[in-house]
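Listing of data.txt; format and content: compact mmCIF, C-alpha atoms.
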```
# COMPACT_ATOMS: atom_id res chain seq x y z
CA MET A 766 -33.61 -12.36 -46.71
CA ASN A 767 -34.30 -12.91 -50.37
CA GLY A 768 -36.33 -15.71 -51.88
CA LYS A 769 -33.51 -18.24 -52.37
CA GLN A 770 -33.98 -21.44 -50.43
CA VAL A 771 -31.03 -22.52 -48.33
CA SER A 772 -30.79 -25.28 -45.76
CA LYS A 773 -31.14 -24.54 -42.09
CA ALA A 774 -27.52 -25.62 -41.55
CA THR A 775 -26.29 -23.15 -44.18
CA LEU A 776 -28.46 -20.42 -42.71
CA GLN A 777 -26.91 -21.00 -39.30
CA ARG A 778 -23.39 -20.75 -40.71
CA LEU A 779 -23.96 -17.58 -42.75
CA PRO A 780 -23.66 -15.14 -39.81
CA SER A 781 -20.21 -16.51 -38.94
CA TYR A 782 -18.96 -15.87 -42.47
CA LEU A 783 -20.15 -12.29 -42.15
CA THR A 784 -18.65 -11.87 -38.69
CA TYR A 785 -15.34 -13.24 -39.93
CA LEU A 786 -15.25 -11.04 -43.04
CA ARG A 787 -16.03 -7.94 -41.01
CA THR A 788 -13.26 -8.58 -38.49
CA VAL A 789 -10.44 -9.93 -40.65
CA PRO A 790 -7.87 -7.27 -41.76
CA TYR A 791 -9.09 -5.85 -45.07
CA ARG A 792 -8.04 -7.49 -48.29
CA GLU A 793 -9.60 -6.99 -51.73
CA ASN A 794 -10.17 -10.67 -52.39
CA ILE A 795 -10.51 -13.62 -50.08
CA SER A 796 -10.37 -17.33 -50.88
CA SER A 797 -12.75 -20.02 -49.70
CA ALA A 798 -9.68 -21.85 -48.36
CA ALA A 799 -8.81 -18.89 -46.10
CA ILE A 800 -12.38 -18.65 -44.80
CA ALA A 801 -12.63 -22.41 -44.29
CA GLY A 802 -9.29 -22.53 -42.46
CA GLU A 803 -10.22 -19.72 -40.12
CA LEU A 804 -13.68 -21.03 -39.27
CA GLY A 805 -12.73 -24.69 -39.07
CA LEU A 806 -15.04 -25.71 -41.92
CA GLY A 807 -14.49 -27.69 -45.12
CA GLU A 808 -13.61 -25.65 -48.19
CA ILE A 809 -16.30 -27.31 -50.32
CA GLN A 810 -18.91 -26.53 -47.70
CA VAL A 811 -17.84 -22.89 -47.61
CA ARG A 812 -18.02 -22.62 -51.40
CA LYS A 813 -21.45 -24.24 -51.45
CA ASP A 814 -22.78 -22.02 -48.65
CA LEU A 815 -21.51 -18.84 -50.24
CA ALA A 816 -22.70 -19.80 -53.73
CA SER A 817 -26.22 -19.81 -52.35
CA VAL A 818 -26.03 -16.12 -51.44
CA SER A 819 -23.44 -14.56 -53.73
CA GLY A 820 -22.25 -14.84 -57.30
CA CYS A 821 -19.04 -12.94 -56.63
CA GLY A 822 -16.70 -15.96 -56.29
CA ARG A 823 -14.14 -16.44 -59.06
CA PRO A 824 -11.72 -19.36 -59.59
CA LYS A 825 -8.20 -18.53 -58.35
CA THR A 826 -8.97 -14.96 -57.22
CA GLY A 827 -11.69 -15.95 -54.73
CA TYR A 828 -14.42 -13.59 -53.57
CA ARG A 829 -14.42 -9.80 -53.71
CA THR A 830 -14.55 -9.12 -49.98
CA ASP A 831 -16.75 -6.01 -50.01
CA LYS A 832 -19.21 -7.54 -52.47
CA LEU A 833 -19.42 -10.76 -50.44
CA ILE A 834 -20.09 -8.77 -47.24
CA ALA A 835 -22.83 -6.79 -49.01
CA ASP A 836 -24.40 -9.97 -50.43
CA LEU A 837 -24.40 -11.66 -47.03
CA GLU A 838 -25.91 -8.57 -45.36
CA GLU A 839 -28.55 -8.36 -48.06
CA PHE A 840 -29.39 -12.04 -47.84
CA LEU A 841 -29.55 -12.06 -44.06
CA GLY A 842 -31.74 -8.98 -44.04
CA TYR A 843 -29.25 -6.95 -42.00
CA LYS A 844 -29.87 -3.89 -44.15
CA ASN A 845 -33.45 -3.57 -42.93
CA ILE A 846 -33.47 -2.57 -39.29
CA ASP A 847 -35.76 -4.64 -37.06
CA ASN A 848 -36.80 -3.22 -33.71
CA ALA A 849 -36.99 -5.28 -30.54
CA VAL A 850 -37.64 -4.77 -26.86
CA VAL A 851 -36.14 -6.34 -23.74
CA VAL A 852 -38.53 -7.68 -21.10
CA GLY A 853 -36.85 -8.04 -17.71
CA CYS A 854 -34.21 -5.43 -16.87
CA GLY A 855 -32.06 -7.34 -14.43
CA ARG A 856 -28.33 -7.36 -15.04
CA LEU A 857 -28.45 -9.53 -18.15
CA GLY A 858 -31.39 -7.59 -19.59
CA MET A 859 -29.66 -4.27 -18.98
CA ALA A 860 -26.43 -5.52 -20.54
CA ILE A 861 -28.39 -6.56 -23.64
CA LEU A 862 -30.42 -3.33 -23.71
CA ASP A 863 -27.24 -1.26 -23.82
CA TYR A 864 -25.14 -3.58 -25.98
CA ASN A 865 -23.93 -1.67 -29.03
CA GLY A 866 -23.35 -4.58 -31.41
CA PHE A 867 -26.91 -5.15 -32.64
CA SER A 868 -26.95 -2.61 -35.47
CA GLU A 869 -24.34 -4.59 -37.42
CA TYR A 870 -26.90 -7.38 -37.54
CA GLY A 871 -29.77 -5.14 -38.58
CA MET A 872 -31.27 -5.12 -35.10
CA ASN A 873 -32.15 -2.23 -32.84
CA ILE A 874 -33.20 -2.54 -29.21
CA GLU A 875 -35.80 0.17 -28.67
CA ALA A 876 -36.61 -0.02 -24.97
CA GLY A 877 -36.70 -2.20 -21.87
CA PHE A 878 -39.63 -3.22 -19.68
CA ASP A 879 -39.67 -4.32 -16.06
CA ALA A 880 -42.33 -5.14 -13.50
CA ASP A 881 -40.25 -3.48 -10.77
CA GLU A 882 -41.06 0.22 -10.57
CA ASP A 883 -37.60 0.98 -9.19
CA LYS A 884 -36.09 -0.07 -12.50
CA VAL A 885 -38.28 2.28 -14.57
CA GLY A 886 -36.30 5.19 -16.01
CA VAL A 887 -33.42 5.39 -18.42
CA SER A 888 -30.53 2.97 -19.01
CA GLN A 889 -26.83 3.90 -19.04
CA THR A 890 -26.96 4.56 -22.78
CA GLY A 891 -30.23 6.48 -22.57
CA LYS A 892 -32.72 3.77 -23.51
CA GLU A 893 -36.15 4.03 -21.92
CA ILE A 894 -37.12 1.47 -19.28
CA LEU A 895 -40.90 1.31 -18.93
CA PRO A 896 -43.26 -0.55 -16.63
CA THR A 897 -44.41 -3.90 -18.02
CA GLU A 898 -48.03 -2.76 -18.22
CA LYS A 899 -47.00 -0.35 -21.00
CA LEU A 900 -45.70 -3.21 -23.15
CA GLU A 901 -48.83 -3.75 -25.22
CA GLU A 902 -49.37 -0.05 -25.92
CA TYR A 903 -45.71 0.44 -26.82
CA CYS A 904 -45.42 -2.56 -29.12
CA GLY A 905 -48.65 -1.59 -30.86
CA LYS A 906 -47.55 2.01 -31.33
CA TYR A 907 -44.09 1.17 -32.68
CA ASP A 908 -45.09 -2.07 -34.44
CA ILE A 909 -42.62 -4.18 -32.48
CA LYS A 910 -42.81 -7.91 -33.09
CA ILE A 911 -39.58 -9.13 -31.48
CA GLY A 912 -38.86 -9.44 -27.76
CA ILE A 913 -35.92 -10.58 -25.65
CA LEU A 914 -37.03 -12.31 -22.47
CA CYS A 915 -34.60 -11.86 -19.56
CA VAL A 916 -36.78 -12.40 -16.50
CA PRO A 917 -36.12 -14.88 -13.65
CA PRO A 918 -37.46 -18.39 -14.34
CA GLU A 919 -40.45 -18.02 -11.99
CA CYS A 920 -41.72 -15.02 -14.00
CA ALA A 921 -41.05 -16.43 -17.47
CA PHE A 922 -44.42 -17.99 -18.20
CA GLN A 923 -46.35 -14.86 -17.25
CA ALA A 924 -43.94 -12.53 -19.04
CA CYS A 925 -44.14 -14.68 -22.15
CA ARG A 926 -47.94 -14.45 -22.11
CA MET A 927 -47.76 -10.67 -21.77
CA MET A 928 -45.40 -10.47 -24.73
CA VAL A 929 -47.71 -12.56 -26.88
CA ASP A 930 -50.68 -10.41 -25.80
CA ALA A 931 -48.67 -7.34 -26.79
CA GLY A 932 -48.37 -8.66 -30.35
CA ILE A 933 -44.83 -10.02 -30.15
CA LYS A 934 -44.29 -12.86 -32.64
CA ALA A 935 -40.70 -13.88 -31.96
CA ILE A 936 -39.05 -14.30 -28.56
CA LEU A 937 -35.37 -14.78 -27.75
CA ASN A 938 -35.65 -16.39 -24.32
CA PHE A 939 -32.79 -16.22 -21.82
CA ALA A 940 -34.88 -17.49 -18.90
CA PRO A 941 -33.82 -21.04 -18.05
CA VAL A 942 -37.28 -22.45 -18.67
CA CYS A 943 -39.08 -23.26 -21.90
CA PRO A 944 -42.24 -21.19 -21.94
CA SER A 945 -44.85 -22.63 -24.25
CA ALA A 946 -46.18 -20.15 -26.75
CA PRO A 947 -49.25 -20.30 -28.94
CA GLU A 948 -49.12 -21.48 -32.55
CA GLY A 949 -47.42 -18.96 -34.77
CA ILE A 950 -45.08 -17.55 -32.11
CA ILE A 951 -41.42 -18.46 -32.49
CA VAL A 952 -39.43 -18.97 -29.30
CA LYS A 953 -35.68 -19.45 -29.42
CA ASN A 954 -34.24 -20.53 -26.08
CA VAL A 955 -30.74 -19.39 -25.14
CA ASN A 956 -29.93 -21.18 -21.91
CA ILE A 957 -26.44 -19.98 -21.04
CA ALA A 958 -25.97 -22.45 -18.16
CA ALA A 959 -27.04 -25.40 -20.32
CA GLN A 960 -24.72 -24.29 -23.11
CA LEU A 961 -21.84 -24.08 -20.68
CA ALA A 962 -22.66 -27.54 -19.31
CA GLN A 963 -22.84 -28.93 -22.83
CA LEU A 964 -19.44 -27.42 -23.56
CA ALA A 965 -18.02 -29.00 -20.40
CA ASN A 966 -19.44 -32.37 -21.47
CA SER A 967 -18.00 -32.02 -24.94
CA MET A 968 -14.61 -31.30 -23.47
CA ALA A 969 -14.85 -34.26 -21.12
CA ASN A 970 -16.07 -36.66 -23.76
CA ARG A 971 -14.67 -35.40 -27.02
CA GLU A 972 -17.40 -37.33 -28.71
CA TYR A 973 -17.57 -34.89 -31.53
CA SER A 974 -15.28 -32.18 -32.77
CA GLU A 975 -17.88 -29.53 -33.50
CA ILE A 976 -20.76 -28.51 -31.23
CA MET B 414 -22.10 -38.13 -19.11
CA ASN B 415 -22.02 -41.89 -19.21
CA GLY B 416 -20.78 -44.05 -22.03
CA LYS B 417 -24.03 -44.39 -24.00
CA GLN B 418 -23.87 -42.96 -27.49
CA VAL B 419 -26.61 -40.55 -28.40
CA SER B 420 -26.95 -38.32 -31.45
CA LYS B 421 -25.92 -34.69 -31.32
CA ALA B 422 -29.56 -33.68 -31.90
CA THR B 423 -30.73 -35.73 -28.91
CA LEU B 424 -27.93 -34.35 -26.78
CA GLN B 425 -29.03 -30.82 -27.63
CA ARG B 426 -32.61 -31.57 -26.64
CA LEU B 427 -31.82 -33.29 -23.32
CA PRO B 428 -31.25 -30.07 -21.32
CA SER B 429 -34.71 -28.79 -22.28
CA TYR B 430 -36.35 -31.95 -20.93
CA LEU B 431 -34.53 -31.41 -17.67
CA THR B 432 -35.38 -27.72 -17.54
CA TYR B 433 -39.03 -28.51 -18.19
CA LEU B 434 -39.20 -31.27 -15.56
CA ARG B 435 -37.59 -29.04 -12.97
CA THR B 436 -40.02 -26.18 -13.54
CA VAL B 437 -43.32 -27.98 -14.10
CA PRO B 438 -45.52 -28.28 -10.98
CA TYR B 439 -44.58 -31.55 -9.27
CA ARG B 440 -46.39 -34.74 -10.22
CA GLU B 441 -45.27 -38.29 -9.46
CA ASN B 442 -45.47 -39.47 -13.05
CA ILE B 443 -45.31 -37.64 -16.32
CA SER B 444 -46.20 -38.86 -19.80
CA SER B 445 -44.18 -38.44 -22.97
CA ALA B 446 -47.30 -36.83 -24.49
CA ALA B 447 -47.30 -34.11 -21.81
CA ILE B 448 -43.59 -33.43 -22.31
CA ALA B 449 -43.93 -33.43 -26.09
CA GLY B 450 -46.91 -31.08 -25.99
CA GLU B 451 -45.19 -28.60 -23.73
CA LEU B 452 -41.92 -28.53 -25.66
CA GLY B 453 -43.45 -28.60 -29.13
CA LEU B 454 -41.79 -31.91 -30.04
CA GLY B 455 -43.16 -35.18 -31.43
CA GLU B 456 -44.10 -37.79 -28.85
CA ILE B 457 -42.10 -40.53 -30.55
CA GLN B 458 -39.02 -38.33 -30.58
CA VAL B 459 -39.43 -37.62 -26.87
CA ARG B 460 -39.77 -41.33 -26.07
CA LYS B 461 -36.71 -42.15 -28.17
CA ASP B 462 -34.62 -39.37 -26.61
CA LEU B 463 -35.55 -40.33 -23.07
CA ALA B 464 -35.07 -44.06 -23.69
CA SER B 465 -31.42 -43.31 -24.43
CA VAL B 466 -30.85 -41.95 -20.92
CA SER B 467 -33.44 -43.57 -18.68
CA GLY B 468 -35.20 -46.87 -18.27
CA CYS B 469 -37.89 -45.44 -16.00
CA GLY B 470 -40.62 -45.06 -18.64
CA ARG B 471 -43.63 -47.40 -18.29
CA PRO B 472 -46.55 -47.84 -20.68
CA LYS B 473 -49.66 -45.94 -19.52
CA THR B 474 -48.11 -44.52 -16.31
CA GLY B 475 -45.28 -42.68 -18.08
CA TYR B 476 -42.03 -41.73 -16.37
CA ARG B 477 -41.38 -41.40 -12.67
CA THR B 478 -40.58 -37.69 -12.55
CA ASP B 479 -37.88 -37.72 -9.86
CA LYS B 480 -36.13 -40.73 -11.37
CA LEU B 481 -36.19 -39.18 -14.83
CA ILE B 482 -34.72 -35.94 -13.47
CA ALA B 483 -31.98 -37.90 -11.70
CA ASP B 484 -31.21 -39.95 -14.83
CA LEU B 485 -31.00 -36.83 -16.98
CA GLU B 486 -28.75 -35.09 -14.44
CA GLU B 487 -26.54 -38.14 -14.23
CA PHE B 488 -26.34 -38.53 -18.00
CA LEU B 489 -25.61 -34.85 -18.59
CA GLY B 490 -22.94 -34.85 -15.92
CA TYR B 491 -24.70 -32.18 -13.87
CA LYS B 492 -23.89 -34.03 -10.67
CA ASN B 493 -20.18 -33.43 -11.06
CA ILE B 494 -19.46 -29.77 -10.59
CA ASP B 495 -17.24 -28.21 -13.26
CA ASN B 496 -15.50 -24.94 -12.50
CA ALA B 497 -15.18 -22.12 -15.00
CA VAL B 498 -13.93 -18.54 -15.14
CA VAL B 499 -15.22 -15.45 -16.89
CA VAL B 500 -12.74 -13.41 -18.94
CA GLY B 501 -13.91 -9.85 -19.54
CA CYS B 502 -15.94 -8.30 -16.73
CA GLY B 503 -18.01 -5.76 -18.62
CA ARG B 504 -21.74 -5.75 -18.00
CA LEU B 505 -22.44 -9.06 -19.70
CA GLY B 506 -19.45 -10.74 -18.04
CA MET B 507 -20.50 -9.45 -14.62
CA ALA B 508 -24.08 -10.60 -15.15
CA ILE B 509 -22.79 -14.07 -15.99
CA LEU B 510 -20.28 -14.09 -13.12
CA ASP B 511 -23.05 -13.42 -10.61
CA TYR B 512 -25.80 -15.47 -12.28
CA ASN B 513 -27.10 -18.03 -9.80
CA GLY B 514 -28.51 -20.61 -12.22
CA PHE B 515 -25.30 -22.46 -13.12
CA SER B 516 -25.25 -24.94 -10.23
CA GLU B 517 -28.42 -26.64 -11.51
CA TYR B 518 -26.42 -27.53 -14.59
CA GLY B 519 -23.39 -28.74 -12.68
CA MET B 520 -21.41 -25.60 -13.36
CA ASN B 521 -19.72 -23.19 -11.00
CA ILE B 522 -18.22 -19.85 -11.97
CA GLU B 523 -15.17 -19.43 -9.77
CA ALA B 524 -13.89 -15.96 -10.62
CA GLY B 525 -13.71 -13.20 -13.19
CA PHE B 526 -10.72 -11.66 -14.94
CA ASP B 527 -10.32 -8.27 -16.54
CA ALA B 528 -7.48 -6.30 -18.11
CA ASP B 529 -8.84 -3.10 -16.57
CA GLU B 530 -7.39 -2.59 -13.09
CA ASP B 531 -10.44 -0.57 -12.04
CA LYS B 532 -12.56 -3.70 -12.38
CA VAL B 533 -10.35 -5.78 -10.09
CA GLY B 534 -12.02 -6.51 -6.76
CA VAL B 535 -15.14 -8.38 -5.80
CA SER B 536 -18.45 -8.77 -7.65
CA GLN B 537 -21.90 -8.05 -6.19
CA THR B 538 -22.22 -11.66 -5.04
CA GLY B 539 -18.68 -11.78 -3.67
CA LYS B 540 -16.82 -13.43 -6.54
CA GLU B 541 -13.22 -12.42 -7.01
CA ILE B 542 -12.30 -10.30 -10.04
CA LEU B 543 -8.60 -10.60 -10.79
CA PRO B 544 -6.26 -8.97 -13.28
CA THR B 545 -5.91 -10.92 -16.53
CA GLU B 546 -2.22 -11.58 -15.92
CA LYS B 547 -3.21 -13.83 -13.02
CA LEU B 548 -5.29 -16.07 -15.31
CA GLU B 549 -2.61 -18.67 -16.00
CA GLU B 550 -1.57 -19.01 -12.37
CA TYR B 551 -5.19 -19.23 -11.21
CA CYS B 552 -6.32 -21.80 -13.78
CA GLY B 553 -3.26 -23.90 -13.05
CA LYS B 554 -3.77 -23.76 -9.29
CA TYR B 555 -7.49 -24.62 -9.42
CA ASP B 556 -7.30 -26.89 -12.48
CA ILE B 557 -9.79 -24.81 -14.47
CA LYS B 558 -10.32 -25.88 -18.06
CA ILE B 559 -13.44 -23.92 -19.01
CA GLY B 560 -13.66 -20.20 -19.76
CA ILE B 561 -16.41 -17.78 -20.73
CA LEU B 562 -15.15 -15.07 -23.06
CA CYS B 563 -17.02 -11.75 -22.69
CA VAL B 564 -14.54 -9.18 -23.97
CA PRO B 565 -15.17 -6.58 -26.71
CA PRO B 566 -14.54 -7.91 -30.24
CA GLU B 567 -11.25 -6.07 -30.64
CA CYS B 568 -9.80 -7.88 -27.62
CA ALA B 569 -11.19 -11.33 -28.39
CA PHE B 570 -8.27 -12.80 -30.30
CA GLN B 571 -5.73 -11.79 -27.66
CA ALA B 572 -7.95 -12.87 -24.78
CA CYS B 573 -8.57 -16.22 -26.45
CA ARG B 574 -4.82 -16.77 -26.79
CA MET B 575 -4.30 -15.95 -23.11
CA MET B 576 -7.00 -18.44 -22.13
CA VAL B 577 -5.41 -21.17 -24.20
CA ASP B 578 -1.99 -20.35 -22.70
CA ALA B 579 -3.60 -20.61 -19.26
CA GLY B 580 -4.62 -24.20 -20.01
CA ILE B 581 -8.28 -23.60 -20.84
CA LYS B 582 -9.63 -26.29 -23.17
CA ALA B 583 -13.21 -25.15 -23.76
CA ILE B 584 -14.41 -21.59 -24.42
CA LEU B 585 -17.95 -20.25 -24.46
CA ASN B 586 -17.46 -17.14 -26.58
CA PHE B 587 -19.84 -14.18 -26.36
CA ALA B 588 -17.59 -11.82 -28.33
CA PRO B 589 -19.10 -11.23 -31.79
CA VAL B 590 -16.04 -12.59 -33.58
CA CYS B 591 -14.89 -16.14 -34.17
CA PRO B 592 -11.47 -16.45 -32.60
CA SER B 593 -9.49 -19.30 -34.05
CA ALA B 594 -8.15 -21.66 -31.46
CA PRO B 595 -5.50 -24.35 -31.73
CA GLU B 596 -6.35 -27.99 -32.34
CA GLY B 597 -7.91 -29.61 -29.31
CA ILE B 598 -9.57 -26.46 -27.97
CA ILE B 599 -13.36 -26.34 -28.26
CA VAL B 600 -14.92 -22.95 -28.93
CA LYS B 601 -18.68 -22.50 -28.84
CA ASN B 602 -19.77 -19.12 -30.17
CA VAL B 603 -22.85 -17.47 -28.69
CA ASN B 604 -23.46 -14.38 -30.80
CA ILE B 605 -26.54 -12.80 -29.24
CA ALA B 606 -27.00 -10.21 -32.00
CA ALA B 607 -26.74 -12.85 -34.72
CA GLN B 608 -29.24 -15.06 -32.89
CA LEU B 609 -31.67 -12.18 -32.63
CA ALA B 610 -31.24 -11.39 -36.32
CA GLN B 611 -31.80 -15.05 -37.18
CA LEU B 612 -34.98 -15.00 -35.12
CA ALA B 613 -36.17 -11.87 -36.94
CA ASN B 614 -35.51 -13.56 -40.26
CA SER B 615 -37.34 -16.69 -39.21
CA MET B 616 -40.31 -14.58 -38.25
CA ALA B 617 -40.21 -12.71 -41.53
CA ASN B 618 -39.85 -15.81 -43.63
CA ARG B 619 -41.49 -18.60 -41.68
CA GLU B 620 -39.34 -20.96 -43.66
CA TYR B 621 -39.25 -23.41 -40.81
CA SER B 622 -41.24 -23.79 -37.65
CA GLU B 623 -38.39 -24.65 -35.31
CA ILE B 624 -35.03 -22.93 -35.09
```

Could the structure of this file be written out as structure tokens, please?
Amino acid sequence: MNGKQVSKATLQRLPSYLTYLRTVPYRENISSAAIAGELGLGEIQVRKDLASVSGCGRPKTGYRTDKLIADLEEFLGYKNIDNAVVVGCGRLGMAILDYNGFSEYGMNIEAGFDADEDKVGVSQTGKEILPTEKLEEYCGKYDIKIGILCVPPECAFQACRMMVDAGIKAILNFAPVCPSAPEGIIVKNVNIAAQLAQLANSMANREYSEI
Amino acid sequence: MNGKQVSKATLQRLPSYLTYLRTVPYRENISSAAIAGELGLGEIQVRKDLASVSGCGRPKTGYRTDKLIADLEEFLGYKNIDNAVVVGCGRLGMAILDYNGFSEYGMNIEAGFDADEDKVGVSQTGKEILPTEKLEEYCGKYDIKIGILCVPPECAFQACRMMVDAGIKAILNFAPVCPSAPEGIIVKNVNIAAQLAQLANSMANREYSEI
């Protein structure tokens, strides 16, 4: 990401612009109205968001699609590959370990770790699965600072501590608990069940149109 | 969820209070300071959030833990089971189909659907996997309004249309595209790769302490 300051809300919307631009049938130019319509956002908001990362918008013609994609990738840091590891190779962890969509977002999953010796080996796509006690050595050797936590809830606190001890600074946590981490460690919780429940509530209540 | 109006930000924090209370070693009473400390939130914010769903807080003694859990569950609608289906039974879809943590959030995954006939059958935990053409009949018969979309990106638009045609009103979308849905359908996108990239950026930039 470059040095420009953008709001957290803008930053959260930027990946969806990129996802949309990458998947829409190719056209040389694209208008803010088309993007706004497709993503259910206001046109002014789209223009404001994109102005903060790209100067390629022109009145009437819109944005040059390839330039806008490149500017978004540059801004979001997707051109510099970041390595990460998965801790907990149950079914969700294995699905994430072998998922092939990370590179488009500048991410690479290097290896998986599991406390269960039976899981140690190689994944379906050939990624190494190592015993958890190798985590610290591995992260040190390959300078890995990002971990994805996919262990059962009862193991989450301990696994989180091991990750922090191994030098991991940012954790994407799929365990349905909120492990506390020391100052300076970022934890982002992705609780799939809670998100589904929130969606069900939104549907039932229609209290707001966007969640 | 009951009729009380709470802000979207509060609503997004409520599940983490519940998750924390369910996983912390049992104690009869719990203070807002303890909750705030564990979740990295301000104590005043915690008190304000919890006051909107529960009247069980008392000065000095704090909240009665079991009552607070019950009030949160009641407010969040976790006591009324909502049924959902998974569309796309690849590895992520199968992991979600068989995940056993949904009931705590008032959700139940009824069945999976896949366009690939080889996937049709029964999952590891005994959930039915049906061909996609049965989706409409099934959702109509069992009055299912919630779907989890786990198909590859190139199939997402078509699968989303089929879900809407089947009467689904709320979609939790794991495909890394943003399918447009007609008015009245809620789509919540969970792009794991984008979330990981955002986490990596946050770590690199430390522009904000909470994401």

Quick one: residues within 12 Å of Gly490 (chain B), only C-alpha atoms counted, chain neighbours fewer than 6 positions away excluded, as a count of residues only?
25

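Between CA of Asp831 (chain A) and CA of Asn794 (chain A) the separation is 8.4 Å.
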
Select, from B:Lys421, B:Arg574, B:Lys582, B:Arg477, the residue with the minimum atom-to-atom distance to Lys558 (chain B), counting all atoms listed in the file.
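With all atoms listed in the file as the atom set, the closest residue is B:Lys582.
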
Which residue out of B:Pro565, B:Gly455, B:Gly534, B:Gly468 has the minimum interatomic distance to chain A when all atoms listed in the file are used?
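Ranked by minimum distance to chain A, first place goes to B:Pro565.
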
Need the shell around Ala497 (chain B): protein/DNA/RNA residues with any atom at most 9 Å away, counting all atoms listed in the file. Skip same-chain ones fewer than 6 positions apart. Format as a list in words?
Leu961 of chain A; Met520, Asn521, Ile522, Glu523, Ala524, Cys552, Ile557, Lys558, Ile559, Gly560 and Ile561 of chain B

Could those residues be written to a file, using C-alpha atoms, as a compact mmCIF listing (two decimals), keeping the file's coordinate frame?
```
# COMPACT_ATOMS: atom_id res chain seq x y z
CA LEU A 961 -21.84 -24.08 -20.68
CA MET B 520 -21.41 -25.60 -13.36
CA ASN B 521 -19.72 -23.19 -11.00
CA ILE B 522 -18.22 -19.85 -11.97
CA GLU B 523 -15.17 -19.43 -9.77
CA ALA B 524 -13.89 -15.96 -10.62
CA CYS B 552 -6.32 -21.80 -13.78
CA ILE B 557 -9.79 -24.81 -14.47
CA LYS B 558 -10.32 -25.88 -18.06
CA ILE B 559 -13.44 -23.92 -19.01
CA GLY B 560 -13.66 -20.20 -19.76
CA ILE B 561 -16.41 -17.78 -20.73
```

Could you pull the residues within 9 Å of Leu452 (chain B), counting all atoms listed in the file, minus those fewer than 5 positions along the same chain, as a list of chain:residue names?
A:Cys943, A:Pro944, A:Ser945, B:Ser429, B:Tyr430, B:Tyr433, B:Ala447

What's the separation between CA of Tyr864 (chain A) and CA of Glu546 (chain B), in Å to one decimal place?
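Between CA of Tyr864 (chain A) and CA of Glu546 (chain B) the gap works out to 26.3 Å.
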
Distance in Å - CA of Ser444 (chain B) versus CA of Lys473 (chain B)
7.9 Å

Considering only C-alpha atoms, return as a ChimeraX atom specification whatever protein or nucleic-acid residues lie within 10 Å of Ser465 (chain B), sequence-local ones (same chain, fewer than 6 positions apart) excluded.
/B:417-420,423-424,485,488

Exercise: Phe570 (chain B) partners within 12 Å, only C-alpha atoms, chain neighbours under 6 positions left out, as a list of chain:residue names:
A:Tyr785, A:Thr788, A:Val789, B:Leu562, B:Cys563, B:Val564, B:Met576, B:Val577, B:Asn586, B:Ala588, B:Pro589, B:Val590, B:Cys591, B:Pro592, B:Ser593, B:Ala594, B:Pro595

My list of candidates is A:Arg792, A:Lys844, A:Lys892, A:Lys906. Which is closest to chain B when distances are computed with only C-alpha atoms?
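Result for the nearest residue to chain B: A:Lys844.
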
Residue with smallest distance to chain A - pool B:Tyr555, B:Tyr476, B:Phe587, B:Phe515, counting only C-alpha atoms:
B:Phe515

Which of these, A:Val852, A:Ile846, A:Ile809, A:Ala958, has the shortest distance to chain B once you count all atoms listed in the file?
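Smallest distance to chain B is found for A:Ala958.
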
So which one's closest to chain B, A:Ala860, A:Glu838, A:Glu893, A:Pro790? Using all atoms listed in the file, please.
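Of A:Ala860, A:Glu838, A:Glu893, A:Pro790, the one nearest chain B, counting all atoms listed in the file, is A:Ala860.
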
Padded axis-aligned box of region 469-477 of chain B (4 Å per side), centre and edge lengths, Å, one decimal, as JSON:
```
{"center_x": -43.8, "center_y": -44.6, "center_z": -16.7, "size_x": 19.8, "size_y": 14.4, "size_z": 16.0}
```
